[in-house]
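This report concerns only the one structure given below.
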Amino acid sequence: MKKRKIRIIIALFLVFTIVSMWLLQRLVVPKYNKGIVEGAFAAEYYEETTDHDVIFIGDCEVYENFSPITLWQEYGITSYIRGGAQQLVWQSYYQLEDTLRYETPEIVVFNVLSLKYNEPQSESYNRMNIDSMRWSSSKYNAIKASMTEDESMIEYMFPLLRYHSRILDLTADDFKYMFSSEKVTHNGYYMRVDVKPEGDFPEPDILADYTFGENAMSYLDKMTELCKENGIELILIKAPIKWPYWYPEWDEQMVEYAEENDLVYINMIELADEIGLDYSTDTYDAGLHLNLSGAEKLSKYFGEYLVENYDLEDHRNDEELCKVYQEKIDFYNDMKEQQYYELETYGKLISFGAEAIED
Amino acid sequence: MLFTSYSFIAFISLLFLLYYIIPKKGQWPLLLFASYLFYFLCDWRYLIFITVTSVSTYLFGIAIDKVNVRQDEYIKEHKKELSKEDKKIYKAGMKKKRFRLILMCLVLNIGILAVIKYTNFTINNINGIMHAFGSDNTIGFVDIIIPMGISFYTFQSMGYIIDVYRGTYKPERNIFKFALFVSFFPQLVQGPISRFNDLSKTLYAEHKFDIKVFTFGVQRILWGFFKKLVIADRIVVAINILKDNPEQYGGAYVFVLMMFYAFQLYADFTGGIDITIGVAEAMGITVAENFNRPFFSKNIKEYWNRWHITMGTWFTDYIFYPISVCKPMLKLSKASRKHLGEVIGKRVPVYLSAFVVWFTTGLWHGASWNFIVWGLMNFVVIMISQELKPLYVRFHNRFNVDGKRWYDGFQVIRTVLLMSAIRMFDVYRDVPLTFKMVWNMVTDFRISSLWSSTMLNLGLDIADYIILFAGLIILFTVSMLQRRKAVRERLWDKPAVLNCFVTWLLLISIVLFGAYSIGYDSAQFIYNQF
C-alpha cells in the first residue's frame with residue numbers, strides 16, 4: 001500500500017473512532033432529566049444570558065429552599081443558585097471560581113452545612129456536582145479535590161469509560177436527550193409543591209470532636225479570600241432546616257469565623273418563626289427540605305434582608321431583564337401548575353422527584 | 001500497574017511513540033529504562049530483587065564462559081603434549097568448576113524465590129505438624145514482599161544460565177542488554193518464559209516503523225483486553241460467589257463453577273499473554289507463543305503441549321531431562337530393570353522424573369497444597385492414560401473410530417472436562433473441600449436445580465449472560481478460524497475498510513461491554529501471582 005493511502009486510512013479510522021466514541025458517550029451518560037435531576041443543575045447555569053446580583057452556593061439547603069424567581073418578583077433581585085446534591089465545600093468553592101469566569105456578583109451566599117464533611121464522600125454525588133461543569137481549571141481542581149479512592153481523573157475526562165455499562169440499561173430518554181436537555185430548575189431552584197409535615201427526628205449523635213475539619217475550613221478560607229479579591233460580599237447562612245442536626249458547637253465556630261473575617265453569618269433555624277415557616281405545611285419530605293410555599297416565604301424574608309442591608313438595584317425597570325425573567329416566570333408558573341395538577345389528579349407527583357415515572 | 005489499568009495504556013502509548021521517534025540505536029536502552037520504570041511504578045522494592053537476579057546471573061554466565069574459553073585455549077595450546085586421558089581428566093576438572101559456578105547461581109536465585117514464596121507455606125506446615133503432635137506453640141508468619149513475576153523472571157534467568165552452562169549459546173556480554181532480557185516488562189507480569197536465543201534475536205534489533213507489524217500488535221492487545229475484560233472479569237463475579245459459598249452451591253453448581261473457572265482462566269491467562277505478545281509485537285519484538293488452542297486437545301498430554309507452552313518446555317528441558325539422565329537415576333534405572341523386570345523397570349525413572357516435574361510445577365504455581373495436589377493429579381492422570389494407551393489402541397482398532405469427527409469431538413470434550421475437574425484444586429480453599437465438592441457434583445447432580453432463578457443470584461443478570469455467551473462464541477469462532485491461518489493475516493488480506501471495521505468493533509466491544517471501572521471488582525490477572 002502506498003504511504004499516502006495508509007495515512008488516509010489511519011486518519012479516517014481515527015476520526016471515525018473518535019466520533020463514534022463521542023456519540024456513544026452522549027448516549028450512555030446519565031441525562032438527569034427525570035427522577036434524579038440534580039446532575040443537570042451545573043450545566044443549566046451556562047445557559048444564562050444575564051448577570052446576577054446574588055449567587056447562592058451550597059448543598060440542597062440552598063437549591064431547595066430559595067426561589068430566585070420570588071427574589072425577582074418581590075425585589076427585582078437577580079440571583080442564581082449554583083447548588084448541588086451534597087455539594088461539598090470544595091465543590092462550592094470551585095463552582096464559585098467557575099462562576100467568576102462569567103460574571104462578578106455583588107453577593108455570594110454560602111450555606112455552611114457542608115463544612116461537616118472534611119473528606120470526599122460519594123462518587124455519585126461527585127458526579128452530579130461536577131460532570132456537567134464546563135471544562136476549566138476549576139473543574140479539574142474540583143475533581144481532584146473530590147475523588148474518592150476508586151475514582152480516576154480519566155473517567156471524568158471521558159465519562160464513556162465510567163458509564164459504558166449503562167448501554168444495557170438505556171431508556172427512551174437517553175436517546176431523546178442525547179444532544180439536548182430540558183430545563184429542570186428555575187435559576188437553580190428545584191421546585192416541589194407537595195407537602196409532607198415535619199416528622200420526629202432522631203436524637204443527634206454525640207460526636208467525638210465538634211471542630212470542623214482542616215480541609216473543609218481551608219476551602220472556606222479560600223472562598224472568603226476569593227470574594228474579598230473580587231469585591232464580593234460573602235454571606236454565610238445556615239438554612240432553616242433542623243435535620244441534619246446543626247450542633248450549637250458548629251454554630252459557635254461559624255459565629256467566631258464570621259467575626260474574625262468580618263463576614264455576616266445568619267443561622268436561619270433560629271429565625272423560622274420570623275420567616276413565617278410552618279413546618280407542617282412548608283416542607284415536602286418531613287422537614288428535610290422546604291417545598292415551594294416554604295421556599296417562597298424564605299426568599300421573601302431573605303430578599304428583604306438583602307435590600308435593607310446591601311445596596312442592590314431593583315432591576316424590574318430594566319426592559320431587557322424583564323423580558324428574560326418573564327420567560328422564567330412563565331416556566332415557573334407552568335411547572336407549579338403541572339405539579340398542583342398531578343397532586344390533585346394522582347394524589348402525588350408523578351413527573352417530579354426521585355421516583356418520577358420515566359416516559 | 002495492572003495491564004488493564006488506564007496508566008498501563010498511557011504507559012505503552014507513550015512508549016510506542018518514543019520507541020519509533022528516537023534514533024534506532026536507543027530503542028533497546030529505552031526498553032530497559034521503560035521496564036525498570038514499570039517495575040519501579042509497581043513497587044520500588046521489587047527493583048532490588050530483579051537487579052540481584054540480573055547481575056548475579058550475568059556474572060555467573062560470564063564466569064562459566066571464561067572457564068569454557070580457558071579450557072579451549074589450554075587444550076589448543078597443549079594439544080601435542082596432552083594424551084586423550086589427560087584431556088579427559090582436565091575437562092572433568094573444568095566441568096566441576098563450571099558445575100560449582102552454576103550451582104552457586106541456582107542456589108542463590110532459586111533460594112531467593114524459595115524464601116520469598118515458600119517461607120510462610122513452610123511455617124504453616126510446621127505449625128500444622130506441631131499442632132498434630134499436641135504442641136500449642138506456633139511460629140509466626142513472616143511479612144515478606146513478593147516481587148511481581150518473580151517466578152517468571154527467575155525461571156527465565158535460570159534457563160539462560162543452564163543453557164550457557166550447556167554451551168547452547170554464548171553468554172550476553174553487555175550487562176544492560178542482559179538486564180533487559182530479564183526485565184522486559186510485557187512478559188514480566190505473567191510470562192511467557194522466554195529463551196535468550198529466541199528473544200534476543202528481535203529484542204536488541206533496530207526496528208523501523210512498519211504499519212502491518214504495528215497494526216498486528218495493537219490488534220493482539222485489543223484481543224487480549226477483550227478476553228480479559230469482557231469475559232474473564234465478568235464471569236469472575238459468579239465464580240467468587242460459587243466458590244465462597246460451597247454449602248449453598250453444591251451438585252450441579254459445582255459443575256457450573258468448574259466450567260466457569262475453565263473459561264475464566266483461559267480468557268484471563270491467554271488474554272494477558274495476548275497483551276504481552278501484542279505490546280512486544282507492536283515494537284517489532286517476537287515473544288514466544290504460550291498457547292496453541294489448548295481446548296482443542298484430544299488428550300491431556302497434548303493439552304500440556306498446548307497450554308502454557310513455555311512453562312511446559314522449561315520443566316521438560318531443565319528438570320525432566322536432567323533428572324532422567326543424571327547418574328543416580330541411571331543407576332536406579334539399571335537396578336529397577338534388574339529387580340523388577342524390563343516392563344516395570346524402565347518405567348521407574350520416567351515416572352519418578354515426571355513425578356518431580358509435576359510436583360515442582362504445582363509448587364511453582366503457588367505455595368499451597370491445593371497447587372501441589374493439582375500438579376500431582378495431572379501426573380496421575382497422565383501416567384494412567386499412558387498405561388492405558390495399548391487399551392485405547394485396541395479400542396480404536398476394534399471400533400474403527402480413529403479420525404472420525406464425532407470421536408475427535410468426544411475426545412476434545414473429555415479432555416476439557418477432565419482438565420477442568422483437576423483445575424478445581426485451585427478453586428476451593430483447601431484440598432479436602434475440593435474432593436468433597438467434586439464428589440458432591442457426581443453424587444448430587446440435579447440439573448433441575450439450575451432452572452430456578454438461582455443462576456441470576458450469582459451476580460450476573462440476563463444481559464451479563466448474553467454478553468458472556470456472545471464473547472465465548474466469538475472466542476470459539478476465532479479459535480476455529482486460527483486453525484488454518486492467523487485471523488489478523490486473513491484480515492490484512494481483505495480490504496482495509498473491513499480490517500478497520502473489525503478493529504473498531506473490537507475496540508467498541510471492549511469499551512462498552514468490558515467489566516471495568518467502579519462497580520466492577522476488576523480482578524488482577526490470575527498469573528500475576530506466580
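The chains in the C-alpha cells are called A, B, ... from first to last as shown; in each chain the residues are counted from 1, and the ligands are counted from 1 in the order shown.
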Nearby residues (only C-alpha atoms) at most 9 Å from region 210-220 of chain B, same-chain spacing under 3 positions excluded, as a list of chain:residue names: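 Once the nearby chain positions are removed, what remains is A:Ile6, B:His207, B:Trp223, B:Gly224, B:Phe225, B:Asp274, B:Ile275, B:Thr276, B:Ile277, B:Gly278, B:Val279, B:Ala280, B:Glu281, B:Ala282, B:Met283, B:Gly284, B:Arg488, B:Glu489, B:Trp492, B:Thr503, B:Leu506.
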What's around Leu207 (chain A) at 12 Å? Count only C-alpha atoms, leave out sequence neighbours fewer than 5 positions away in its own chain, and write the answer as a PyMOL selection string. chain A and resi 116+212+245-247+249-250
Of the candidates B:Ala463, B:Leu475, B:Ile175, B:Ile123, which shows the shortest atom-to-atom distance to chain A, using only C-alpha atoms?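 Answer, going by the shortest atom-to-atom distance: B:Ala463.
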One-decimal distance in Å that lies between CA of Lys389 (chain B) and CA of Ala335 (chain B):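 These atoms are spaced 25.7 Å apart.
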Interface residues on chain B facing chain A, 12 Å, only C-alpha atoms, written as a PyMOL selection string: chain B and resi 5-7+9-10+210-212+215+230+234+461-464+466-467+492-493+495-522
Just C-alpha atoms for this one: save the residues we selected as a short mmCIF file (atom, residue, chain, number, x, y, z; two decimals), in the first residue's frame.
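The resulting file, part20.cif, is shown below:
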```
data_model
loop_
_atom_site.label_atom_id
_atom_site.label_comp_id
_atom_site.auth_asym_id
_atom_site.auth_seq_id
_atom_site.Cartn_x
_atom_site.Cartn_y
_atom_site.Cartn_z
CA SER B 5 -5.31 -0.04 34.08
CA TYR B 6 -5.53 3.33 32.40
CA SER B 7 -1.98 4.05 33.49
CA ILE B 9 -2.47 2.10 28.44
CA ALA B 10 -0.94 5.56 28.82
CA ASP B 210 6.03 -0.98 9.95
CA ILE B 211 2.31 -0.36 9.77
CA LYS B 212 1.50 -4.04 9.39
CA THR B 215 -1.37 -2.94 13.50
CA VAL B 230 -15.41 -8.83 28.51
CA ARG B 234 -17.35 -10.53 34.00
CA ASP B 461 -28.04 -10.77 35.17
CA ILE B 462 -29.52 -11.84 31.84
CA ALA B 463 -27.53 -9.16 29.98
CA ASP B 464 -24.29 -10.44 31.55
CA ILE B 466 -25.82 -12.80 26.94
CA ILE B 467 -22.53 -10.88 26.77
CA TRP B 492 -4.86 -7.96 6.34
CA ASP B 493 -5.58 -9.66 3.03
CA PRO B 495 -9.91 -4.60 2.03
CA ALA B 496 -8.54 -2.11 4.56
CA VAL B 497 -12.06 -0.86 5.35
CA LEU B 498 -13.06 -4.30 6.60
CA ASN B 499 -9.89 -4.62 8.67
CA CYS B 500 -10.51 -1.21 10.20
CA PHE B 501 -14.15 -2.03 10.87
CA VAL B 502 -13.31 -5.27 12.70
CA THR B 503 -10.68 -3.46 14.79
CA TRP B 504 -13.18 -0.72 15.59
CA LEU B 505 -15.81 -3.28 16.53
CA LEU B 506 -13.35 -4.98 18.86
CA LEU B 507 -12.44 -1.67 20.48
CA ILE B 508 -16.07 -0.63 20.92
CA SER B 509 -16.97 -4.05 22.36
CA ILE B 510 -14.23 -3.68 24.97
CA VAL B 511 -15.23 -0.13 25.86
CA LEU B 512 -18.94 -0.91 26.11
CA PHE B 513 -19.03 -4.46 27.38
CA GLY B 514 -15.82 -4.65 29.37
CA ALA B 515 -16.17 -5.24 33.11
CA TYR B 516 -14.13 -2.31 34.36
CA SER B 517 -14.47 0.97 36.26
CA ILE B 518 -16.37 1.46 39.54
CA GLY B 519 -18.93 -1.25 40.10
CA TYR B 520 -16.65 -3.98 38.87
CA ASP B 521 -14.07 -5.62 41.01
CA SER B 522 -11.58 -5.91 38.20
#
```
Within 10 Å of Glu47 (chain A), counting only C-alpha atoms, which residues qualify if same-chain residues fewer than 4 places away don't, as a list in words?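 Once the nearby chain positions are removed, what remains is Ala43, Lys183 and Asn187 of chain A.
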Give me, as a list in words, all polymer residues having an atom no more than 8 Å from region 127-131 of chain A, counting only C-alpha atoms and skipping those fewer than 2 positions away in the same chain.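 In the requested format, the answer is Glu38, Gly39, Ala40, Phe41, Ala42, Gly84, Ala85, Gln87, Gln91, Glu123, Ser124, Tyr125, Met133, Lys139, Ala142, Ile143 and Tyr156 of chain A.
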Nearest to Asn124 (chain B) by atom-to-atom distance, counting only C-alpha atoms, from B:Ile139, B:Ala232, B:Leu257, B:Leu242: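 When distances to Asn124 (chain B) are compared using only C-alpha atoms, the smallest one comes from B:Ile139.
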Among listed residues A:Val29, A:Val15, A:Leu113, A:Val324, nearest Phe175 (chain A) (using only C-alpha atoms): A:Val29
